Every structure is written in structure tokens, then in C-alpha cells.
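**Student:** Input file: structure_32.pdb. Contents: PDB, C-alpha atoms.
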```pdb
ATOM      1  CA  GLY A   1     159.839  78.772  97.356
ATOM      2  CA  GLN A   2     156.151  79.448  96.488
ATOM      3  CA  THR A   3     153.287  80.108  98.863
ATOM      4  CA  CYS A   4     149.749  79.391  97.691
ATOM      5  CA  VAL A   5     146.858  81.098  99.402
ATOM      6  CA  THR A   6     143.596  79.191  99.106
ATOM      7  CA  THR A   7     140.202  80.359 100.181
ATOM      8  CA  ALA A   8     137.071  78.299 100.283
ATOM      9  CA  LYS A   9     134.379  79.882  98.196
ATOM     10  CA  PHE A  10     130.888  78.536  97.890
ATOM     11  CA  ILE A  11     127.434  79.707  96.852
ATOM     12  CA  LEU A  12     123.978  78.606  97.927
ATOM     13  CA  ASP A  13     121.097  79.007  95.492
ATOM     14  CA  LYS A  14     117.601  78.286  96.836
ATOM     15  CA  LYS A  15     114.617  78.052  94.493
ATOM     16  CA  VAL A  16     110.947  77.084  94.689
ATOM     17  CA  LEU A  17     109.139  74.927  92.139
ATOM     18  CA  HIS A  18     106.725  77.056  90.094
ATOM     19  CA  PRO A  19     103.255  75.568  90.678
ATOM     20  CA  LYS A  20     101.997  76.027  87.110
ATOM     21  CA  GLU A  21     104.912  76.597  84.746
ATOM     22  CA  THR A  22     106.901  73.918  82.934
ATOM     23  CA  LYS A  23     109.317  73.890  80.007
ATOM     24  CA  GLY A  24     108.321  70.880  77.984
ATOM     25  CA  ASN A  25     107.970  68.239  80.671
ATOM     26  CA  ALA A  26     110.721  69.743  82.845
ATOM     27  CA  GLU A  27     109.889  71.420  86.130
ATOM     28  CA  VAL A  28     110.689  75.121  86.450
ATOM     29  CA  TYR A  29     112.295  76.373  89.659
ATOM     30  CA  VAL A  30     112.278  80.126  90.335
ATOM     31  CA  ASP A  31     113.953  82.315  92.969
ATOM     32  CA  ASN A  32     110.721  83.821  94.270
ATOM     33  CA  LEU A  33     106.982  83.805  93.654
ATOM     34  CA  SER A  34     105.383  87.184  94.314
ATOM     35  CA  ILE A  35     101.783  88.014  95.106
ATOM     36  CA  ASN A  36     101.141  88.363  91.350
ATOM     37  CA  ASP A  37     102.386  84.829  90.568
ATOM     38  CA  PRO A  38     100.384  81.617  90.997
ATOM     39  CA  LYS A  39      99.815  80.722  94.622
ATOM     40  CA  PHE A  40      99.776  77.501  96.602
ATOM     41  CA  ALA A  41      96.596  76.240  98.273
ATOM     42  CA  PRO A  42      96.073  74.686 101.718
ATOM     43  CA  GLY A  43      97.167  71.043 101.661
ATOM     44  CA  GLN A  44      99.311  71.478  98.528
ATOM     45  CA  THR A  45     102.916  70.225  98.407
ATOM     46  CA  ILE A  46     105.707  72.738  97.753
ATOM     47  CA  ARG A  47     109.132  71.643  96.540
ATOM     48  CA  PHE A  48     112.369  73.596  97.050
ATOM     49  CA  ARG A  49     115.760  72.972  95.461
ATOM     50  CA  LEU A  50     119.045  73.858  97.140
ATOM     51  CA  ALA A  51     122.087  74.059  94.880
ATOM     52  CA  ILE A  52     125.432  74.292  96.685
ATOM     53  CA  SER A  53     128.393  75.163  94.450
ATOM     54  CA  ASN A  54     132.121  75.318  95.107
ATOM     55  CA  THR A  55     133.383  78.391  93.245
ATOM     56  CA  GLY A  56     136.889  78.182  94.695
ATOM     57  CA  ASN A  57     139.953  76.311  93.516
ATOM     58  CA  SER A  58     140.205  73.782  96.340
ATOM     59  CA  VAL A  59     138.101  71.029  97.854
ATOM     60  CA  ILE A  60     135.803  72.158 100.643
ATOM     61  CA  LYS A  61     136.011  69.444 103.281
ATOM     62  CA  GLU A  62     132.816  70.238 105.188
ATOM     63  CA  LEU A  63     129.802  72.523 104.763
ATOM     64  CA  ASN A  64     126.986  72.788 107.291
ATOM     65  CA  VAL A  65     123.592  73.416 105.702
ATOM     66  CA  THR A  66     120.519  74.651 107.564
ATOM     67  CA  ASP A  67     117.101  75.182 106.016
ATOM     68  CA  THR A  68     114.591  77.112 108.132
ATOM     69  CA  LEU A  69     110.967  76.488 107.257
ATOM     70  CA  PRO A  70     108.469  79.354 107.504
ATOM     71  CA  ASN A  71     105.135  79.317 109.307
ATOM     72  CA  TYR A  72     102.114  77.699 107.663
ATOM     73  CA  VAL A  73     103.996  74.689 106.231
ATOM     74  CA  ASP A  74     104.846  71.232 107.587
ATOM     75  CA  PHE A  75     107.972  69.256 106.694
ATOM     76  CA  VAL A  76     107.418  66.288 104.355
ATOM     77  CA  SER A  77     110.813  65.082 103.094
ATOM     78  CA  GLY A  78     114.403  66.027 102.311
ATOM     79  CA  PRO A  79     117.349  67.233 104.374
ATOM     80  CA  LEU A  80     116.905  70.294 106.628
ATOM     81  CA  ASN A  81     120.099  70.261 108.718
ATOM     82  CA  PHE A  82     122.915  68.330 107.080
ATOM     83  CA  GLN A  83     126.568  68.311 106.068
ATOM     84  CA  VAL A  84     128.075  68.379 102.596
ATOM     85  CA  LEU A  85     131.460  66.676 102.592
ATOM     86  CA  ASN A  86     134.347  67.003 100.109
ATOM     87  CA  LEU A  87     132.803  69.427  97.588
ATOM     88  CA  ASN A  88     135.244  69.655  94.666
ATOM     89  CA  PRO A  89     136.044  72.866  92.759
ATOM     90  CA  ASP A  90     133.336  73.749  90.195
ATOM     91  CA  GLU A  91     131.089  71.020  91.631
ATOM     92  CA  THR A  92     127.425  71.662  92.402
ATOM     93  CA  ARG A  93     125.259  69.395  94.525
ATOM     94  CA  LYS A  94     121.490  69.691  94.524
ATOM     95  CA  TYR A  95     119.070  68.763  97.295
ATOM     96  CA  THR A  96     115.272  68.744  97.267
ATOM     97  CA  ILE A  97     113.056  69.597 100.233
ATOM     98  CA  GLU A  98     109.292  69.079 100.242
ATOM     99  CA  VAL A  99     106.807  70.745 102.549
ATOM    100  CA  LYS A 100     103.030  70.753 102.711
ATOM    101  CA  VAL A 101     100.869  73.832 103.260
ATOM    102  CA  LYS A 102      98.865  73.568 106.479
ATOM    103  CA  GLY A 103      95.070  73.447 106.391
ATOM    104  CA  ALA A 104      92.995  76.589 105.860
ATOM    105  CA  ASP A 105      92.119  76.712 109.563
ATOM    106  CA  ALA A 106      95.839  77.126 110.445
ATOM    107  CA  LEU A 107      96.298  80.078 108.078
ATOM    108  CA  PRO A 108      95.762  83.643 109.311
ATOM    109  CA  SER A 109      92.104  84.639 109.414
ATOM    110  CA  GLY A 110      91.091  87.769 107.584
ATOM    111  CA  GLN A 111      93.759  87.264 104.918
ATOM    112  CA  GLY A 112      93.017  85.595 101.613
ATOM    113  CA  VAL A 113      96.721  85.556 100.604
ATOM    114  CA  VAL A 114      99.789  85.290 102.822
ATOM    115  CA  CYS A 115     103.362  85.399 101.477
ATOM    116  CA  VAL A 116     106.207  83.774 103.424
ATOM    117  CA  VAL A 117     109.946  83.257 102.972
ATOM    118  CA  ASN A 118     111.872  79.991 103.239
ATOM    119  CA  GLN A 119     115.510  80.607 104.251
ATOM    120  CA  ALA A 120     118.633  78.488 104.001
ATOM    121  CA  SER A 121     122.281  78.991 104.918
ATOM    122  CA  VAL A 122     125.565  77.199 104.316
ATOM    123  CA  LYS A 123     128.555  77.675 106.651
ATOM    124  CA  SER A 124     132.162  76.589 106.571
ATOM    125  CA  GLY A 125     134.334  78.077 109.295
ATOM    126  CA  ASN A 126     133.758  81.847 109.216
ATOM    127  CA  ASP A 127     132.385  81.837 105.662
ATOM    128  CA  GLU A 128     128.641  81.780 105.081
ATOM    129  CA  SER A 129     126.223  81.919 102.153
ATOM    130  CA  ARG A 130     122.498  82.541 102.563
ATOM    131  CA  ASP A 131     119.578  82.516 100.181
ATOM    132  CA  ASN A 132     115.823  82.538 100.482
ATOM    133  CA  SER A 133     112.777  81.871  98.378
ATOM    134  CA  GLN A 134     109.398  83.573  98.745
ATOM    135  CA  PHE A 135     106.064  81.978  97.912
ATOM    136  CA  CYS A 136     102.434  82.848  98.574
ATOM    137  CA  ILE A 137      99.523  80.813  99.906
ATOM    138  CA  GLU A 138      95.958  81.581  98.913
ATOM    139  CA  LYS A 139      93.115  80.515 101.100
ATOM    140  CA  THR A 140      89.839  79.979  99.250
ATOM    141  CA  VAL A 141      87.398  82.419 100.782
ATOM    142  CA  THR A 142      83.764  81.401 100.614
ATOM    143  CA  LYS A 143      80.964  83.879 101.112
ATOM    144  CA  GLY A 144      78.547  83.010 103.853
ATOM    145  CA  GLY A 145      75.197  84.570 104.615
ATOM    146  CA  LEU A 146      71.790  84.247 103.039
ATOM    147  CA  PRO A 147      71.079  81.635 100.403
ATOM    148  CA  VAL A 148      70.832  82.773  96.804
ATOM    149  CA  LEU A 149      67.334  82.319  95.415
ATOM    150  CA  SER A 150      66.346  82.189  91.776
ATOM    151  CA  ALA A 151      64.428  85.102  90.273
ATOM    152  CA  PRO A 152      60.624  84.791  90.333
ATOM    153  CA  GLY A 153      58.984  83.910  87.039
ATOM    154  CA  LEU A 154      57.119  86.703  85.198
ATOM    155  CA  LYS A 155      54.176  86.255  82.850
ATOM    156  CA  GLN A 156      54.113  89.818  81.558
ATOM    157  CA  THR A 157      56.735  92.520  81.416
ATOM    158  CA  PRO A 158      55.753  95.322  83.806
ATOM    159  CA  SER A 159      55.087  98.696  82.233
ATOM    160  CA  THR A 160      57.665 101.406  82.809
ATOM    161  CA  GLY A 161      57.622 105.175  82.411
ATOM    162  CA  PRO A 162      54.720 107.652  82.749
ATOM    163  CA  GLU A 163      51.312 107.019  81.309
ATOM    164  CA  MET A 164      50.413 108.924  78.111
ATOM    165  CA  LEU A 165      47.368 110.641  79.648
ATOM    166  CA  GLY A 166      49.579 112.376  82.242
ATOM    167  CA  LEU A 167      51.812 113.768  79.479
ATOM    168  CA  ILE A 168      48.826 115.241  77.606
ATOM    169  CA  GLY A 169      47.902 117.131  80.777
ATOM    170  CA  LEU A 170      51.296 118.836  80.784
ATOM    171  CA  ILE A 171      50.815 120.439  77.344
ATOM    172  CA  PRO A 172      48.457 123.235  78.553
ATOM    173  CA  ALA A 173      50.754 123.927  81.529
ATOM    174  CA  GLY A 174      53.714 124.300  79.169
ATOM    175  CA  LEU A 175      51.771 126.718  76.906
ATOM    176  CA  ALA A 176      50.683 128.816  79.898
ATOM    177  CA  GLY A 177      54.330 129.030  80.989
ATOM    178  CA  LEU A 178      55.389 130.300  77.568
ATOM    179  CA  LEU A 179      52.677 133.013  77.578
ATOM    180  CA  LEU A 180      53.685 134.224  81.026
ATOM    181  CA  ARG A 181      57.297 134.392  80.013
ATOM    182  CA  ARG A 182      56.531 136.545  76.962
ATOM    183  CA  LYS A 183      54.384 138.932  78.986
ATOM    184  CA  SER A 184      57.120 139.400  81.565
ATOM    185  CA  LYS A 185      59.614 140.653  78.933
TER     186      LYS A 185
END
```
Let me see whether you can do it: turn the structure in this file into C-alpha cells.
**Tutor:**
Amino acid sequence: GQTCVTTAKFILDKKVLHPKETKGNAEVYVDNLSINDPKFAPGQTIRFRLAISNTGNSVIKELNVTDTLPNYVDFVSGPLNFQVLNLNPDETRKYTIEVKVKGADALPSGQGVVCVVNQASVKSGNDESRDNSQFCIEKTVTKGGLPVLSAPGLKQTPSTGPEMLGLIGLIPAGLAGLLLRRKSK
């Protein structure tokens, strides 16, 4: 005489590997890297981690996972469109995706830094979970133009300031100015 209502509940958590930070020897994955965080360079590999968790109280028979790569990266390895089968309650499965930043010539010109978002989604029936992870790419900008030349060698320090003889000539002019000022009062 009992009726049990079960709902499939799941969560997707997408993170990007921090390019510089580690805890001991362990890699550190973060949700997002902003413009103020370390940036990736052209040709550098970026690693993402997808964690899919069953937060419900029943087995989820099938989940469809889609990871959508942003512009300026090429796929290297890992699953992009795949199925997760028979995910047990309180179980989490992790997947790693690697991409490589395109060359500097494929990045937008006129921008030293470009930030993009990598998106992923998990669907089961009408239920869906989405998450994304932002990261930034920094293109090394070199200055073109004229070559830089070394300073010419000097044998003697050049003199600066007025010559002393010119200052002596100003003394009589200053005295004449004082006399005229007193006579005008």
C-alpha cells in the first residue's frame, strides 16, 4: 500500500586546471580563471575536469553529456559527447578533457588577452544540468619598429646651466630695478 516517488537528480561541475597553482604535488582545478589570474599562452595545453554526481536516491540509467569547446582551442583528448550509464546514488564520476590553445596568428588581432568560456551540459529526459569554466589566453605582444641603439660614449660631462659671467651682468640690472621701484612709491 505504499507509493514511492523517485526523481533523478544530478549535478555537473566543470573546472579548469589552474596553470600555476598546486597544493603539494596535486593539481588544483578551479571554476573560473578571470583576467586577473594567470593566463594560458598560444600552443599551451589546457585541462578541464567534469564531475557528474548523482544526488538522488535512485540509479540514473543514462545521462547524455555534451562539452562545447570555445573558439581559439583545438581538441586534444577526452570525451566530448558521451553517455554515462548506471550512475548510483551519491556516486561521482570524473572525466578529463584536454585542449590546446591555437597559435598566436589564430587569436584575435589587436587584443593581448582574450577570455573565453568552455560549456558543458548533462541531460536525462527533461532534466538538465549545465556548468561552464572561463579561462583567458594571453598573446605575447612584441614591439616592432626601429632598432634600439646603445647610447653614445661620452668623454666629458657636458656643462649645464648658465655661465657665471652672464649672472654677474644681471646684478646691476637688479639694483636699477630696486631704485626705480623706490622712486615710484
**Student:** Quick one: which residues end up in the PyMOL selection byres ((chain A and resi 137) around 7) for this structure, as a PyMOL selection string?
**Tutor:** chain A and resi 39-41+113-115+135-136+138-139
**Student:** Just want the 6 Å neighbourhood of Val65 in chain A, counted on all atoms listed in the file, with same-chain residues fewer than 4 positions away dropped. Output as a list in words.
**Tutor:** Asn81, Phe82, Gln83, Ser121 and Val122 of chain A
**Student:** Using all atoms listed in the file, determine which residues lie at most 7 Å from Phe48 in chain A, disregarding the query and same-chain residues fewer than 5 positions distant; provide the list as a PyMOL selection string.
**Tutor:** chain A and resi 15-17+96-98
**Student:** Nearest to Tyr95 in chain A among A:Lys14, A:Lys123, A:Lys155, A:Lys23, with distances taken over only C-alpha atoms: which residue is it?
**Tutor:**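 Looking only at the distances to Tyr95 in chain A, the closest residue turns out to be A:Lys14.
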**Student:** Closest to Ser53 in chain A among A:Leu12, A:Val117, A:Ile171, A:Leu69, using only C-alpha atoms?
**Tutor:**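 Result for the nearest residue to Ser53 in chain A: A:Leu12.
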**Student:** One decimal, in Å: what's the spacing between CA of Glu21 in chain A and CA of Asn71 in chain A?
**Tutor:** 24.7 Å
**Student:** How would range 34-59 of chain A look written as a PDB file, in the first residue's frame with N, CA, C and O atoms?
**Tutor:**
```
ATOM      1  N   SER A  34      39.856  34.369 -14.088  1.00  0.00           N
ATOM      2  CA  SER A  34      39.481  35.686 -14.600  1.00  0.00           C
ATOM      3  C   SER A  34      40.686  36.345 -15.254  1.00  0.00           C
ATOM      4  O   SER A  34      41.789  35.797 -15.286  1.00  0.00           O
ATOM      5  N   ILE A  35      40.479  37.550 -15.721  1.00  0.00           N
ATOM      6  CA  ILE A  35      41.539  38.297 -16.397  1.00  0.00           C
ATOM      7  C   ILE A  35      42.696  38.595 -15.449  1.00  0.00           C
ATOM      8  O   ILE A  35      43.819  38.811 -15.875  1.00  0.00           O
ATOM      9  N   ASN A  36      42.434  38.587 -14.139  1.00  0.00           N
ATOM     10  CA  ASN A  36      43.479  38.861 -13.148  1.00  0.00           C
ATOM     11  C   ASN A  36      44.262  37.616 -12.744  1.00  0.00           C
ATOM     12  O   ASN A  36      45.256  37.719 -12.046  1.00  0.00           O
ATOM     13  N   ASP A  37      43.808  36.441 -13.162  1.00  0.00           N
ATOM     14  CA  ASP A  37      44.504  35.187 -12.841  1.00  0.00           C
ATOM     15  C   ASP A  37      45.545  34.889 -13.917  1.00  0.00           C
ATOM     16  O   ASP A  37      45.560  35.529 -14.970  1.00  0.00           O
ATOM     17  N   PRO A  38      46.411  33.902 -13.658  1.00  0.00           N
ATOM     18  CA  PRO A  38      47.372  33.512 -14.708  1.00  0.00           C
ATOM     19  C   PRO A  38      46.640  33.105 -15.977  1.00  0.00           C
ATOM     20  O   PRO A  38      45.524  32.580 -15.932  1.00  0.00           O
ATOM     21  N   LYS A  39      47.288  33.357 -17.102  1.00  0.00           N
ATOM     22  CA  LYS A  39      46.679  33.116 -18.400  1.00  0.00           C
ATOM     23  C   LYS A  39      47.424  32.019 -19.153  1.00  0.00           C
ATOM     24  O   LYS A  39      48.579  31.752 -18.867  1.00  0.00           O
ATOM     25  N   PHE A  40      46.749  31.427 -20.118  1.00  0.00           N
ATOM     26  CA  PHE A  40      47.370  30.431 -20.972  1.00  0.00           C
ATOM     27  C   PHE A  40      47.981  31.125 -22.177  1.00  0.00           C
ATOM     28  O   PHE A  40      47.554  32.208 -22.572  1.00  0.00           O
ATOM     29  N   ALA A  41      48.988  30.493 -22.765  1.00  0.00           N
ATOM     30  CA  ALA A  41      49.703  31.058 -23.914  1.00  0.00           C
ATOM     31  C   ALA A  41      49.373  30.254 -25.162  1.00  0.00           C
ATOM     32  O   ALA A  41      48.944  29.096 -25.071  1.00  0.00           O
ATOM     33  N   PRO A  42      49.570  30.832 -26.354  1.00  0.00           N
ATOM     34  CA  PRO A  42      49.362  30.073 -27.583  1.00  0.00           C
ATOM     35  C   PRO A  42      50.198  28.784 -27.581  1.00  0.00           C
ATOM     36  O   PRO A  42      51.353  28.795 -27.165  1.00  0.00           O
ATOM     37  N   GLY A  43      49.563  27.686 -27.979  1.00  0.00           N
ATOM     38  CA  GLY A  43      50.245  26.397 -28.013  1.00  0.00           C
ATOM     39  C   GLY A  43      50.217  25.631 -26.702  1.00  0.00           C
ATOM     40  O   GLY A  43      50.614  24.472 -26.648  1.00  0.00           O
ATOM     41  N   GLN A  44      49.741  26.237 -25.631  1.00  0.00           N
ATOM     42  CA  GLN A  44      49.723  25.585 -24.315  1.00  0.00           C
ATOM     43  C   GLN A  44      48.501  24.671 -24.190  1.00  0.00           C
ATOM     44  O   GLN A  44      47.436  24.946 -24.730  1.00  0.00           O
ATOM     45  N   THR A  45      48.657  23.568 -23.459  1.00  0.00           N
ATOM     46  CA  THR A  45      47.573  22.624 -23.223  1.00  0.00           C
ATOM     47  C   THR A  45      46.764  23.059 -22.010  1.00  0.00           C
ATOM     48  O   THR A  45      47.328  23.460 -20.995  1.00  0.00           O
ATOM     49  N   ILE A  46      45.436  22.959 -22.133  1.00  0.00           N
ATOM     50  CA  ILE A  46      44.518  23.286 -21.041  1.00  0.00           C
ATOM     51  C   ILE A  46      43.748  22.018 -20.709  1.00  0.00           C
ATOM     52  O   ILE A  46      43.281  21.309 -21.594  1.00  0.00           O
ATOM     53  N   ARG A  47      43.606  21.738 -19.421  1.00  0.00           N
ATOM     54  CA  ARG A  47      42.900  20.534 -18.988  1.00  0.00           C
ATOM     55  C   ARG A  47      41.658  20.933 -18.193  1.00  0.00           C
ATOM     56  O   ARG A  47      41.726  21.779 -17.308  1.00  0.00           O
ATOM     57  N   PHE A  48      40.531  20.294 -18.533  1.00  0.00           N
ATOM     58  CA  PHE A  48      39.266  20.506 -17.833  1.00  0.00           C
ATOM     59  C   PHE A  48      38.856  19.213 -17.146  1.00  0.00           C
ATOM     60  O   PHE A  48      39.151  18.128 -17.628  1.00  0.00           O
ATOM     61  N   ARG A  49      38.144  19.340 -16.032  1.00  0.00           N
ATOM     62  CA  ARG A  49      37.615  18.166 -15.340  1.00  0.00           C
ATOM     63  C   ARG A  49      36.111  18.320 -15.189  1.00  0.00           C
ATOM     64  O   ARG A  49      35.630  19.332 -14.682  1.00  0.00           O
ATOM     65  N   LEU A  50      35.387  17.303 -15.658  1.00  0.00           N
ATOM     66  CA  LEU A  50      33.941  17.226 -15.478  1.00  0.00           C
ATOM     67  C   LEU A  50      33.664  16.238 -14.366  1.00  0.00           C
ATOM     68  O   LEU A  50      34.173  15.114 -14.392  1.00  0.00           O
ATOM     69  N   ALA A  51      32.879  16.650 -13.383  1.00  0.00           N
ATOM     70  CA  ALA A  51      32.461  15.760 -12.307  1.00  0.00           C
ATOM     71  C   ALA A  51      30.933  15.671 -12.364  1.00  0.00           C
ATOM     72  O   ALA A  51      30.242  16.692 -12.225  1.00  0.00           O
ATOM     73  N   ILE A  52      30.432  14.457 -12.592  1.00  0.00           N
ATOM     74  CA  ILE A  52      28.992  14.235 -12.693  1.00  0.00           C
ATOM     75  C   ILE A  52      28.573  13.423 -11.478  1.00  0.00           C
ATOM     76  O   ILE A  52      29.078  12.318 -11.265  1.00  0.00           O
ATOM     77  N   SER A  53      27.661  14.004 -10.676  1.00  0.00           N
ATOM     78  CA  SER A  53      27.252  13.381  -9.413  1.00  0.00           C
ATOM     79  C   SER A  53      25.761  13.089  -9.407  1.00  0.00           C
ATOM     80  O   SER A  53      24.958  13.904  -9.858  1.00  0.00           O
ATOM     81  N   ASN A  54      25.407  11.938  -8.860  1.00  0.00           N
ATOM     82  CA  ASN A  54      24.015  11.568  -8.644  1.00  0.00           C
ATOM     83  C   ASN A  54      23.655  11.982  -7.221  1.00  0.00           C
ATOM     84  O   ASN A  54      24.148  11.415  -6.261  1.00  0.00           O
ATOM     85  N   THR A  55      22.794  12.998  -7.102  1.00  0.00           N
ATOM     86  CA  THR A  55      22.398  13.488  -5.779  1.00  0.00           C
ATOM     87  C   THR A  55      21.040  12.928  -5.356  1.00  0.00           C
ATOM     88  O   THR A  55      20.540  13.280  -4.302  1.00  0.00           O
ATOM     89  N   GLY A  56      20.467  12.080  -6.203  1.00  0.00           N
ATOM     90  CA  GLY A  56      19.164  11.495  -5.894  1.00  0.00           C
ATOM     91  C   GLY A  56      19.300  10.211  -5.097  1.00  0.00           C
ATOM     92  O   GLY A  56      20.384   9.850  -4.625  1.00  0.00           O
ATOM     93  N   ASN A  57      18.177   9.507  -4.975  1.00  0.00           N
ATOM     94  CA  ASN A  57      18.174   8.273  -4.185  1.00  0.00           C
ATOM     95  C   ASN A  57      17.949   7.032  -5.044  1.00  0.00           C
ATOM     96  O   ASN A  57      17.624   5.973  -4.529  1.00  0.00           O
ATOM     97  N   SER A  58      18.096   7.202  -6.373  1.00  0.00           N
ATOM     98  CA  SER A  58      17.953   6.041  -7.251  1.00  0.00           C
ATOM     99  C   SER A  58      19.017   6.087  -8.343  1.00  0.00           C
ATOM    100  O   SER A  58      19.604   7.133  -8.617  1.00  0.00           O
ATOM    101  N   VAL A  59      19.233   4.933  -8.956  1.00  0.00           N
ATOM    102  CA  VAL A  59      20.221   4.830 -10.025  1.00  0.00           C
ATOM    103  C   VAL A  59      19.726   5.596 -11.244  1.00  0.00           C
ATOM    104  O   VAL A  59      18.554   5.488 -11.623  1.00  0.00           O
TER     105      VAL A  59
END
```
